[in-house]
$ cat model_18.csv   # CSV, C-alpha atoms and all ligand atoms
chain,number,residue,atom,x,y,z
A,1,MET,CA,-21.4,-66.1,33.1
A,2,ALA,CA,-23.2,-64.4,30.2
A,3,THR,CA,-21.0,-64.1,27.1
A,4,SER,CA,-23.3,-62.8,24.3
A,5,ILE,CA,-26.4,-60.6,23.7
A,6,LYS,CA,-28.0,-63.6,22.0
A,7,GLU,CA,-27.8,-65.7,25.2
A,8,LEU,CA,-29.5,-62.9,27.1
A,9,THR,CA,-32.3,-62.4,24.6
A,10,SER,CA,-35.6,-64.0,25.6
A,11,ASN,CA,-38.1,-65.5,23.2
A,12,GLU,CA,-40.7,-62.9,24.0
A,13,ASP,CA,-41.1,-60.0,21.5
A,14,SER,CA,-41.1,-56.6,23.0
A,15,ASP,CA,-44.2,-54.5,22.2
A,16,TRP,CA,-42.6,-51.1,22.7
A,17,CYS,CA,-43.4,-48.4,20.1
A,18,PRO,CA,-40.8,-48.0,17.3
A,19,GLY,CA,-38.1,-45.6,18.4
A,20,CYS,CA,-38.8,-46.0,22.1
A,21,GLY,CA,-35.8,-45.3,24.3
A,22,ASP,CA,-36.6,-48.5,26.3
A,23,PHE,CA,-34.8,-50.5,23.5
A,24,GLY,CA,-31.5,-48.7,24.2
A,25,ILE,CA,-32.0,-49.3,27.9
A,26,LEU,CA,-32.6,-53.1,27.3
A,27,LEU,CA,-29.5,-53.4,25.2
A,28,SER,CA,-27.4,-51.5,27.8
A,29,VAL,CA,-28.7,-53.7,30.6
A,30,LYS,CA,-27.6,-56.8,28.6
A,31,ASN,CA,-24.2,-55.2,27.8
A,32,ALA,CA,-23.6,-54.3,31.5
A,33,ILE,CA,-24.5,-57.8,32.6
A,34,ILE,CA,-21.9,-59.2,30.1
A,35,ALA,CA,-19.3,-56.6,31.0
A,36,SER,CA,-19.8,-57.3,34.8
A,37,GLY,CA,-19.3,-61.1,34.2
A,38,LEU,CA,-22.7,-61.9,35.8
A,39,ASP,CA,-24.3,-65.3,35.6
A,40,PRO,CA,-27.9,-64.8,34.3
A,41,HIS,CA,-29.0,-67.6,36.6
A,42,LYS,CA,-27.8,-65.6,39.6
A,43,THR,CA,-29.2,-62.3,38.3
A,44,VAL,CA,-32.8,-61.1,39.1
A,45,ILE,CA,-34.5,-58.2,37.3
A,46,VAL,CA,-37.4,-56.8,39.3
A,47,SER,CA,-39.9,-54.2,37.9
A,48,GLY,CA,-43.2,-52.5,38.9
A,49,ILE,CA,-45.8,-51.6,36.3
A,50,GLY,CA,-45.4,-49.4,33.2
A,51,CYS,CA,-44.1,-49.7,29.6
A,52,SER,CA,-40.6,-49.7,31.1
A,53,SER,CA,-41.6,-52.4,33.6
A,54,LYS,CA,-42.1,-55.0,30.8
A,55,LEU,CA,-38.3,-55.2,30.5
A,56,PRO,CA,-37.8,-58.3,32.6
A,57,HIS,CA,-39.8,-60.3,30.0
A,58,PHE,CA,-37.3,-59.4,27.3
A,59,ILE,CA,-34.2,-60.6,28.9
A,60,ASN,CA,-33.0,-64.1,29.6
A,61,ALA,CA,-32.4,-63.9,33.4
A,62,ASN,CA,-34.6,-64.3,36.4
A,63,GLY,CA,-37.4,-61.7,36.3
A,64,VAL,CA,-40.2,-60.6,38.5
A,65,HIS,CA,-42.9,-58.2,37.2
A,66,THR,CA,-44.5,-57.0,40.4
A,67,LEU,CA,-47.0,-54.4,41.5
A,68,HIS,CA,-47.2,-50.7,40.7
A,69,GLY,CA,-44.9,-48.8,43.1
A,70,ARG,CA,-43.8,-51.9,45.0
A,71,ALA,CA,-40.7,-53.0,43.1
A,72,ILE,CA,-38.3,-51.8,45.8
A,73,PRO,CA,-39.6,-54.0,48.7
A,74,PHE,CA,-39.7,-57.0,46.3
A,75,ALA,CA,-36.1,-56.3,45.3
A,76,GLU,CA,-34.9,-55.8,48.8
A,77,GLY,CA,-36.6,-59.0,50.0
A,78,ILE,CA,-35.0,-61.0,47.2
A,79,LYS,CA,-31.5,-59.7,48.1
A,80,LEU,CA,-32.0,-60.4,51.8
A,81,ALA,CA,-33.4,-63.9,51.1
A,82,ASN,CA,-30.3,-64.7,49.0
A,83,PRO,CA,-27.4,-62.1,49.2
A,84,GLU,CA,-25.5,-64.1,46.5
A,85,LEU,CA,-27.9,-62.9,43.8
A,86,THR,CA,-27.4,-59.7,41.9
A,87,VAL,CA,-30.6,-57.7,42.0
A,88,ILE,CA,-31.5,-55.1,39.4
A,89,LEU,CA,-34.6,-53.0,39.7
A,90,ASP,CA,-35.7,-51.7,36.4
A,91,SER,CA,-38.8,-49.5,36.5
A,92,GLY,CA,-40.4,-46.2,35.5
A,93,ASP,CA,-40.3,-42.7,36.9
A,94,GLY,CA,-44.0,-42.9,37.8
A,95,ASP,CA,-43.6,-46.2,39.4
A,96,THR,CA,-40.5,-45.2,41.5
A,97,TYR,CA,-40.9,-41.5,42.1
A,98,GLY,CA,-44.7,-41.3,42.2
A,99,ILE,CA,-46.6,-44.1,43.7
A,100,GLY,CA,-43.4,-45.7,45.0
A,101,ALA,CA,-42.0,-42.5,46.5
A,102,GLY,CA,-42.2,-43.7,50.1
A,103,HIS,CA,-40.2,-46.9,49.3
A,104,PHE,CA,-37.7,-44.8,47.1
A,105,VAL,CA,-36.9,-42.6,50.1
A,106,SER,CA,-36.9,-45.3,52.8
A,107,ALA,CA,-34.5,-47.5,50.8
A,108,GLY,CA,-31.8,-44.9,51.3
A,109,ARG,CA,-31.8,-45.6,55.0
A,110,ARG,CA,-30.9,-49.2,54.5
A,111,ASN,CA,-28.3,-49.4,51.8
A,112,VAL,CA,-29.4,-52.8,50.5
A,113,ASP,CA,-27.1,-53.9,47.7
A,114,ILE,CA,-29.6,-53.5,44.8
A,115,LYS,CA,-29.3,-51.4,41.6
A,116,LEU,CA,-32.1,-49.1,40.5
A,117,PHE,CA,-32.2,-48.4,36.7
A,118,ILE,CA,-35.1,-45.9,36.3
A,119,HIS,CA,-36.6,-45.1,32.9
A,120,ASP,CA,-37.3,-41.3,33.2
A,121,ASN,CA,-39.5,-40.2,30.4
A,122,GLY,CA,-41.5,-37.5,32.2
A,123,VAL,CA,-44.8,-39.3,31.7
A,124,TYR,CA,-46.9,-42.3,32.7
A,125,SER,CA,-46.7,-43.7,29.2
A,126,LEU,CA,-48.5,-47.0,29.8
A,127,THR,CA,-51.6,-45.2,30.9
A,128,LYS,CA,-51.5,-42.8,27.9
A,129,GLY,CA,-49.1,-40.0,28.9
A,130,GLN,CA,-50.1,-38.2,32.1
A,131,ALA,CA,-47.4,-36.1,33.7
A,132,SER,CA,-45.0,-38.0,35.9
A,133,PRO,CA,-43.2,-36.5,38.9
A,134,THR,CA,-40.2,-35.5,36.8
A,135,LEU,CA,-42.1,-33.5,34.1
A,136,PRO,CA,-41.1,-29.8,34.6
A,137,GLU,CA,-43.8,-27.2,35.3
A,138,GLY,CA,-45.2,-25.7,32.1
A,139,ARG,CA,-44.3,-28.6,29.9
A,140,ARG,CA,-47.2,-30.3,28.1
A,141,ALA,CA,-46.9,-33.9,27.0
A,142,LYS,CA,-49.0,-34.9,23.9
A,143,SER,CA,-52.2,-36.2,25.7
A,144,MET,CA,-52.3,-33.5,28.4
A,145,PRO,CA,-55.1,-31.0,28.1
A,146,ALA,CA,-53.0,-28.2,29.6
A,147,PRO,CA,-49.3,-27.6,30.5
A,148,ASN,CA,-48.2,-29.2,33.7
A,149,ILE,CA,-49.3,-27.2,36.8
A,150,ASN,CA,-46.9,-29.0,39.2
A,151,GLY,CA,-43.2,-28.6,39.7
A,152,ALA,CA,-40.8,-31.5,39.1
A,153,LEU,CA,-39.0,-33.6,41.7
A,154,ASN,CA,-35.2,-33.8,41.7
A,155,PRO,CA,-34.9,-37.5,42.2
A,156,LEU,CA,-31.1,-37.6,42.3
A,157,ALA,CA,-30.9,-34.9,44.9
A,158,ILE,CA,-33.5,-36.7,46.9
A,159,ALA,CA,-31.5,-40.0,46.5
A,160,ILE,CA,-28.3,-38.4,47.8
A,161,MET,CA,-30.1,-36.9,50.9
A,162,ALA,CA,-31.9,-40.2,51.5
A,163,GLY,CA,-28.6,-42.1,51.7
A,164,TYR,CA,-28.1,-43.8,48.3
A,165,THR,CA,-24.4,-44.6,47.9
A,166,PHE,CA,-24.1,-44.5,44.1
A,167,VAL,CA,-26.0,-41.8,42.2
A,168,ALA,CA,-25.8,-41.3,38.4
A,169,ARG,CA,-27.6,-40.2,35.3
A,170,THR,CA,-27.4,-41.1,31.6
A,171,GLU,CA,-29.7,-41.2,28.6
A,172,SER,CA,-31.5,-43.9,26.7
A,173,TYR,CA,-30.1,-43.4,23.2
A,174,ASN,CA,-26.5,-43.3,24.3
A,175,VAL,CA,-25.8,-47.0,24.7
A,176,LYS,CA,-22.1,-46.7,25.3
A,177,GLU,CA,-22.5,-44.2,28.2
A,178,GLN,CA,-25.4,-46.2,29.7
A,179,THR,CA,-23.4,-49.5,29.5
A,180,ASP,CA,-20.4,-47.8,31.2
A,181,ILE,CA,-22.5,-46.2,34.0
A,182,MET,CA,-24.7,-49.4,34.6
A,183,THR,CA,-21.5,-51.5,34.8
A,184,LYS,CA,-20.1,-49.1,37.4
A,185,ALA,CA,-23.4,-49.3,39.4
A,186,LEU,CA,-23.3,-53.1,39.2
A,187,LYS,CA,-19.7,-53.2,40.6
A,188,HIS,CA,-20.7,-50.8,43.4
A,189,LYS,CA,-21.5,-52.7,46.6
A,190,GLY,CA,-24.5,-50.9,48.0
A,191,LEU,CA,-27.7,-49.1,46.9
A,192,ALA,CA,-27.2,-47.6,43.5
A,193,ILE,CA,-29.5,-45.5,41.3
A,194,VAL,CA,-29.1,-44.6,37.6
A,195,ASP,CA,-31.7,-42.2,36.4
A,196,ILE,CA,-32.0,-42.7,32.6
A,197,LEU,CA,-33.6,-39.8,30.6
A,198,GLN,CA,-35.7,-41.9,28.3
A,199,GLY,CA,-37.2,-41.2,24.9
A,200,CYS,CA,-41.0,-41.7,24.6
A,201,PRO,CA,-41.7,-40.7,21.0
A,202,THR,CA,-45.4,-41.5,21.5
A,203,TYR,CA,-46.3,-39.2,24.4
A,204,ASN,CA,-43.3,-36.9,25.1
A,205,ALA,CA,-41.5,-36.7,21.7
A,206,GLU,CA,-40.6,-33.0,21.8
A,207,TYR,CA,-38.5,-33.1,24.9
A,208,THR,CA,-37.1,-36.7,24.8
A,209,SER,CA,-36.1,-37.3,21.1
A,210,ALA,CA,-32.5,-38.6,20.6
A,211,ASN,CA,-31.7,-35.2,19.0
A,212,TRP,CA,-33.2,-33.2,21.9
A,213,LEU,CA,-31.5,-35.3,24.5
A,214,SER,CA,-28.1,-35.1,22.9
A,215,GLN,CA,-28.4,-31.3,22.6
A,216,HIS,CA,-29.6,-30.8,26.2
A,217,THR,CA,-27.4,-33.2,28.2
A,218,HIS,CA,-23.7,-32.7,28.9
A,219,LYS,CA,-21.1,-35.1,30.4
A,220,LEU,CA,-20.0,-34.0,33.9
A,221,PRO,CA,-16.7,-32.2,33.5
A,222,GLU,CA,-13.5,-34.3,33.7
A,223,SER,CA,-12.5,-32.3,36.7
A,224,TYR,CA,-15.6,-33.5,38.7
A,225,ASP,CA,-15.0,-36.5,40.8
A,226,GLY,CA,-18.0,-37.7,42.9
A,227,ARG,CA,-16.1,-40.7,44.4
A,228,VAL,CA,-15.4,-40.7,48.2
A,229,LYS,CA,-11.8,-41.7,48.7
A,230,ASN,CA,-11.8,-42.3,52.4
A,231,ALA,CA,-15.1,-44.1,53.1
A,232,LYS,CA,-14.8,-43.5,56.9
A,233,ASP,CA,-14.2,-39.7,56.7
A,234,ALA,CA,-17.6,-38.2,57.4
A,235,ASN,CA,-16.4,-34.7,56.4
A,236,GLU,CA,-15.4,-36.0,53.0
A,237,VAL,CA,-18.7,-37.9,52.5
A,238,ASN,CA,-20.7,-34.7,53.3
A,239,ARG,CA,-18.4,-32.5,51.1
A,240,LYS,CA,-19.0,-34.9,48.2
A,241,ARG,CA,-22.7,-35.0,48.9
A,242,MET,CA,-22.9,-31.2,48.9
A,243,ASP,CA,-20.8,-31.0,45.6
A,244,ALA,CA,-23.2,-33.4,43.9
A,245,ILE,CA,-26.3,-31.5,45.2
A,246,GLY,CA,-24.8,-28.2,44.1
A,247,VAL,CA,-24.4,-29.5,40.6
A,248,LEU,CA,-27.9,-31.0,40.5
A,249,LEU,CA,-29.5,-27.8,41.8
A,250,GLY,CA,-27.5,-25.8,39.2
A,251,GLU,CA,-29.2,-27.7,36.3
A,252,THR,CA,-32.2,-26.6,34.4
A,253,PRO,CA,-34.7,-28.8,32.6
A,254,ASP,CA,-33.0,-27.7,29.4
A,255,SER,CA,-29.4,-28.4,30.5
A,256,MET,CA,-28.7,-31.6,32.5
A,257,ASN,CA,-25.5,-33.4,33.3
A,258,THR,CA,-24.8,-37.1,32.7
A,259,GLY,CA,-22.3,-39.2,34.7
A,260,VAL,CA,-21.7,-40.3,38.2
A,261,PHE,CA,-22.6,-37.6,40.8
A,262,PHE,CA,-21.8,-39.5,44.0
A,263,ASP,CA,-20.1,-42.8,44.7
A,264,TRP,CA,-19.5,-43.9,48.3
A,265,GLU,CA,-18.7,-47.5,48.8
A,266,ASN,CA,-18.7,-47.8,52.6
A,267,GLY,CA,-18.8,-51.5,53.2
A,268,ASP,CA,-21.9,-51.2,55.4
A,269,THR,CA,-24.9,-52.8,53.6
A,270,PHE,CA,-28.1,-53.8,55.3
A,271,GLU,CA,-27.5,-57.5,54.5
A,272,ASP,CA,-24.1,-57.3,56.2
A,273,ARG,CA,-25.6,-55.7,59.3
A,274,PHE,CA,-28.4,-58.4,59.2
A,275,ILE,CA,-25.9,-61.3,59.0
A,276,SER,CA,-23.6,-59.7,61.7
A,277,ARG,CA,-26.6,-60.0,64.1
A,278,GLY,CA,-26.5,-63.7,63.6
A,279,ILE,CA,-29.5,-63.9,61.3
A,280,LYS,CA,-29.0,-66.4,58.5
A,281,PRO,CA,-30.4,-65.6,55.1
A,282,PRO,CA,-33.2,-68.1,54.2
A,283,SER,CA,-31.2,-69.3,51.2
A,284,SER,CA,-28.5,-70.7,53.5
A,285,GLN,CA,-30.9,-72.4,55.9
A,286,SER,CA,-31.6,-76.1,55.4
A,287,ILE,CA,-35.2,-76.9,54.8
A,288,ALA,CA,-34.9,-80.7,54.9
A,289,GLY,CA,-33.3,-83.2,57.2
A,290,LYS,CA,-31.3,-86.3,56.4
A,291,ASP,CA,-34.6,-88.1,55.9
A,292,ASN,CA,-35.4,-85.5,53.2
A,293,LEU,CA,-38.4,-84.4,55.2
A,294,SER,CA,-39.1,-80.8,56.0
A,295,THR,CA,-37.3,-79.5,59.1
A,296,ILE,CA,-40.0,-76.9,59.6
A,297,ASP,CA,-42.7,-78.0,62.0
A,298,LEU,CA,-45.9,-76.2,61.0
A,299,ALA,CA,-48.0,-78.0,63.6
A,300,LYS,CA,-47.8,-75.2,66.2
A,301,ALA,CA,-48.6,-72.5,63.7
A,302,LEU,CA,-51.5,-74.5,62.3
A,303,ASP,CA,-52.8,-75.0,65.8
A,304,GLU,CA,-52.7,-71.3,66.6
A,305,LEU,CA,-54.4,-70.4,63.3
A,306,SER,CA,-57.1,-73.1,63.6
A,307,VAL,CA,-60.7,-71.9,64.1
A,308,LYS,CA,-61.7,-73.0,67.5
A,309,GLY,CA,-65.3,-74.0,68.0
B,1,LIG,C1,-52.1,-49.4,42.1
B,1,LIG,C2,-52.2,-49.0,40.7
B,1,LIG,N1,-52.5,-47.7,40.4
B,1,LIG,C3,-52.4,-47.3,39.1
B,1,LIG,C4,-52.1,-48.2,38.1
B,1,LIG,C5,-52.2,-47.7,36.7
B,1,LIG,N2,-50.8,-47.5,36.1
B,1,LIG,C6,-50.2,-48.5,35.4
B,1,LIG,S1,-48.7,-48.1,34.8
B,1,LIG,C7,-48.9,-46.6,35.5
B,1,LIG,C8,-47.8,-45.5,35.3
B,1,LIG,C9,-46.5,-46.0,34.8
B,1,LIG,O1,-45.7,-44.9,34.6
B,1,LIG,P1,-44.1,-45.1,34.7
B,1,LIG,O2,-43.7,-45.8,35.9
B,1,LIG,O3,-43.5,-43.8,34.5
B,1,LIG,O4,-43.8,-46.1,33.5
B,1,LIG,P2,-43.8,-45.9,31.9
B,1,LIG,O5,-45.1,-46.4,31.4
B,1,LIG,O6,-43.7,-44.4,31.6
B,1,LIG,O7,-42.6,-46.6,31.4
B,1,LIG,C10,-50.1,-46.4,36.2
B,1,LIG,C11,-50.5,-45.2,36.9
B,1,LIG,C12,-51.8,-49.5,38.5
B,1,LIG,N3,-51.5,-50.4,37.5
B,1,LIG,N4,-51.8,-49.9,39.8
B,2,LIG,S1,-45.7,-45.2,25.0
B,2,LIG,FE1,-43.6,-44.3,25.1
B,2,LIG,S2,-42.5,-45.4,26.7
B,2,LIG,FE2,-44.3,-46.6,26.1
B,2,LIG,S3,-43.5,-48.0,24.5
B,2,LIG,FE3,-44.4,-46.3,23.5
B,2,LIG,S4,-42.7,-44.9,23.2
B,2,LIG,FE4,-42.0,-46.4,24.8
B,3,MG,MG,-42.6,-42.9,32.8
$ encode --input "model_18.csv" --output "structure tokens" --more "lines below"
Ligand SMILES: Cc1ncc(C[n+]2csc(CCOP(=O)(O)OP(=O)(O)O)c2C)c(N)n1
Ligand code: SF4
Ligand SMILES: [Mg+2]
Amino acid sequence: MATSIKELTSNEDSDWCPGCGDFGILLSVKNAIIASGLDPHKTVIVSGIGCSSKLPHFINANGVHTLHGRAIPFAEGIKLANPELTVILDSGDGDTYGIGAGHFVSAGRRNVDIKLFIHDNGVYSLTKGQASPTLPEGRRAKSMPAPNINGALNPLAIAIMAGYTFVARTESYNVKEQTDIMTKALKHKGLAIVDILQGCPTYNAEYTSANWLSQHTHKLPESYDGRVKNAKDANEVNRKRMDAIGVLLGETPDSMNTGVFFDWENGDTFEDRFISRGIKPPSSQSIAGKDNLSTIDLAKALDELSVKG
């Protein structure tokens, strides 16, 4: 079990720009790991490619820095191979909602118990600030020659419709709120997404500064409760989905809510379905016999693959 920030801090120095919101996200991920009582040796952080995706290097847990847009299949594969691991996917908005959009939507159909923490800064910052899928139409990040001609995606409304079972938003300079929401996501059994409005002072300073974010985000009202009480009641599930989507569609780029929009713990994850079909996760299969030799006979496969003259 991780007990201190120091224990979770790796030897590698982060090379993020001064004031980058990624620092607040890193601290919040560490806080949430501690608050959830997770063992860093049983925690895996998976990322794609981007400034944000460097995060696994800066945290003392297992980390996999994968391919652009492909973090979700890696994370799902790790969880299916060993369901005892806690798998956090920590990636950018471009990585997840742009090139990774197909995986982002398909993941909702499975409900694998992984947690997506998405750094949403409205730009592809690593490649010098092009518009990401969440940059609103008409906004112009610093390196863009003209205002954005495309409309923005609504990733959380898409996540709810795709089947995600925990859907939330927070912002990168509010470490207390992030820690609280990430901790809730980690406790949730099922596919969770936390979209984190992230400050990029280098390419999108105007609309993502700490000041701007605190003025243009508001906590969901106390009276709003996105949690499904009776997990088996399809009517309640759909009512809560519609409530959440109603709130999300009522937002504007200048006025967004933070908090948990939807929370449905239904006890039906992909890995449970997998195991109920009698399929053993690879991590629980023996790979060596009493003689310590491999139990896997590759001779047949090698024979099939051999080049026949
Ligand atoms: C297949 C492929 N296409 C394009 C790139 C170039 N590339 C690297 S990072 C990136 C965008 C990252 O944006 P985002 O996920 O929002 O992360 P950020 O840098 O904003 O944190 C792109 C397009 C790549 N590495 N691989
Ligand atoms: S370019 Fe933006 S997102 Fe990347 S490290 Fe710098 S401030 Fe952070
Ligand atoms: Mg980005």
$ atom_distance --input "model_18.csv" --atom1 "CA of Asn257 in chain A" --atom2 "CA of Gln178 in chain A"
13.3 Å
$ residues_around --input "model_18.csv" --residues "range 278-281 of chain A" --least-positions-apart "4" --cutoff "12 Å" --atoms "only C-alpha atoms" --output "list in words"
Gly77, Ile78, Lys79, Leu80, Ala81, Asn82, Pro83, Glu84, Leu85, Phe270, Glu271, Asp272, Arg273, Phe274, Gln285 and Ser286 of chain A
$ write_last_selection --input "model_18.csv" --atoms "C-alpha atoms" --output "mmCIF file, in the frame of the given file"
data_model
loop_
_atom_site.group_PDB
_atom_site.id
_atom_site.type_symbol
_atom_site.label_atom_id
_atom_site.label_comp_id
_atom_site.auth_asym_id
_atom_site.auth_seq_id
_atom_site.Cartn_x
_atom_site.Cartn_y
_atom_site.Cartn_z
ATOM 1 C CA GLY A 77 -36.600 -59.000 50.000
ATOM 2 C CA ILE A 78 -35.000 -61.000 47.200
ATOM 3 C CA LYS A 79 -31.500 -59.700 48.100
ATOM 4 C CA LEU A 80 -32.000 -60.400 51.800
ATOM 5 C CA ALA A 81 -33.400 -63.900 51.100
ATOM 6 C CA ASN A 82 -30.300 -64.700 49.000
ATOM 7 C CA PRO A 83 -27.400 -62.100 49.200
ATOM 8 C CA GLU A 84 -25.500 -64.100 46.500
ATOM 9 C CA LEU A 85 -27.900 -62.900 43.800
ATOM 10 C CA PHE A 270 -28.100 -53.800 55.300
ATOM 11 C CA GLU A 271 -27.500 -57.500 54.500
ATOM 12 C CA ASP A 272 -24.100 -57.300 56.200
ATOM 13 C CA ARG A 273 -25.600 -55.700 59.300
ATOM 14 C CA PHE A 274 -28.400 -58.400 59.200
ATOM 15 C CA GLN A 285 -30.900 -72.400 55.900
ATOM 16 C CA SER A 286 -31.600 -76.100 55.400
#
$ closest_atom_pairs --input "model_18.csv" --of "range 200-223 of chain A" --to "range 113-121 of chain A" --cutoff "9 Å" --atoms "all atoms listed in the file" --output "tab-separated table"
residue	atom	partner	partner_atom	distance
A:Cys200	CA	A:Asn121	CA	6.2
A:Asn204	CA	A:Asn121	CA	7.3
A:Thr208	CA	A:Asn121	CA	7.0
$ residues_around --input "model_18.csv" --residues "Gly21 in chain A" --least-positions-apart "5" --cutoff "7 Å" --atoms "all atoms listed in the file" --output "VMD selection string"
chain A and resid 172 to 173 198 to 200
$ residues_near_ligand --input "model_18.csv" --ligand "ligand LIG 1 (chain B)" --cutoff "9 Å" --atoms "only C-alpha atoms and all ligand atoms" --output "MDAnalysis selection string"
chainID A and resid 22 48:54 67:69 91:99 118:133 198 200
$ build_atoms --input "model_18.csv" --residues "range 112-129 of chain A" --atoms "N, CA and C atoms" --output "PDB file, in the frame of the given file"
ATOM      1  N   VAL A 112     -29.392 -51.466  51.046  1.00  0.00           N
ATOM      2  CA  VAL A 112     -29.400 -52.800  50.500  1.00  0.00           C
ATOM      3  C   VAL A 112     -28.686 -52.814  49.176  1.00  0.00           C
ATOM      4  N   ASP A 113     -27.890 -53.836  48.882  1.00  0.00           N
ATOM      5  CA  ASP A 113     -27.100 -53.900  47.700  1.00  0.00           C
ATOM      6  C   ASP A 113     -27.953 -54.221  46.441  1.00  0.00           C
ATOM      7  N   ILE A 114     -28.807 -53.269  46.033  1.00  0.00           N
ATOM      8  CA  ILE A 114     -29.600 -53.500  44.800  1.00  0.00           C
ATOM      9  C   ILE A 114     -29.361 -52.259  43.887  1.00  0.00           C
ATOM     10  N   LYS A 115     -29.645 -52.454  42.616  1.00  0.00           N
ATOM     11  CA  LYS A 115     -29.300 -51.400  41.600  1.00  0.00           C
ATOM     12  C   LYS A 115     -30.631 -50.942  40.972  1.00  0.00           C
ATOM     13  N   LEU A 116     -30.936 -49.668  41.065  1.00  0.00           N
ATOM     14  CA  LEU A 116     -32.100 -49.100  40.500  1.00  0.00           C
ATOM     15  C   LEU A 116     -31.789 -48.492  39.105  1.00  0.00           C
ATOM     16  N   PHE A 117     -32.361 -49.004  38.015  1.00  0.00           N
ATOM     17  CA  PHE A 117     -32.200 -48.400  36.700  1.00  0.00           C
ATOM     18  C   PHE A 117     -33.597 -47.808  36.342  1.00  0.00           C
ATOM     19  N   ILE A 118     -33.735 -46.488  36.399  1.00  0.00           N
ATOM     20  CA  ILE A 118     -35.100 -45.900  36.300  1.00  0.00           C
ATOM     21  C   ILE A 118     -35.249 -45.195  34.918  1.00  0.00           C
ATOM     22  N   HIS A 119     -36.285 -45.625  34.209  1.00  0.00           N
ATOM     23  CA  HIS A 119     -36.600 -45.100  32.900  1.00  0.00           C
ATOM     24  C   HIS A 119     -37.380 -43.757  33.137  1.00  0.00           C
ATOM     25  N   ASP A 120     -36.714 -42.629  32.898  1.00  0.00           N
ATOM     26  CA  ASP A 120     -37.300 -41.300  33.200  1.00  0.00           C
ATOM     27  C   ASP A 120     -37.732 -40.607  31.969  1.00  0.00           C
ATOM     28  N   ASN A 121     -39.016 -40.805  31.604  1.00  0.00           N
ATOM     29  CA  ASN A 121     -39.500 -40.200  30.400  1.00  0.00           C
ATOM     30  C   ASN A 121     -40.491 -39.054  30.615  1.00  0.00           C
ATOM     31  N   GLY A 122     -40.670 -38.675  31.892  1.00  0.00           N
ATOM     32  CA  GLY A 122     -41.500 -37.500  32.200  1.00  0.00           C
ATOM     33  C   GLY A 122     -43.005 -37.798  32.150  1.00  0.00           C
ATOM     34  N   VAL A 123     -43.388 -39.029  31.806  1.00  0.00           N
ATOM     35  CA  VAL A 123     -44.800 -39.300  31.700  1.00  0.00           C
ATOM     36  C   VAL A 123     -45.140 -40.745  32.208  1.00  0.00           C
ATOM     37  N   TYR A 124     -46.423 -40.947  32.456  1.00  0.00           N
ATOM     38  CA  TYR A 124     -46.900 -42.300  32.700  1.00  0.00           C
ATOM     39  C   TYR A 124     -47.347 -42.838  31.358  1.00  0.00           C
ATOM     40  N   SER A 125     -46.401 -43.435  30.656  1.00  0.00           N
ATOM     41  CA  SER A 125     -46.700 -43.700  29.200  1.00  0.00           C
ATOM     42  C   SER A 125     -47.683 -44.884  29.086  1.00  0.00           C
ATOM     43  N   LEU A 126     -47.606 -45.894  29.935  1.00  0.00           N
ATOM     44  CA  LEU A 126     -48.500 -47.000  29.800  1.00  0.00           C
ATOM     45  C   LEU A 126     -49.986 -46.620  29.858  1.00  0.00           C
ATOM     46  N   THR A 127     -50.246 -45.607  30.717  1.00  0.00           N
ATOM     47  CA  THR A 127     -51.600 -45.200  30.900  1.00  0.00           C
ATOM     48  C   THR A 127     -51.951 -43.935  30.050  1.00  0.00           C
ATOM     49  N   LYS A 128     -51.180 -43.743  28.968  1.00  0.00           N
ATOM     50  CA  LYS A 128     -51.500 -42.800  27.900  1.00  0.00           C
ATOM     51  C   LYS A 128     -50.968 -41.346  28.161  1.00  0.00           C
ATOM     52  N   GLY A 129     -49.871 -41.230  28.931  1.00  0.00           N
ATOM     53  CA  GLY A 129     -49.100 -40.000  28.900  1.00  0.00           C
ATOM     54  C   GLY A 129     -49.428 -38.885  29.876  1.00  0.00           C
TER      55      GLY A 129
END
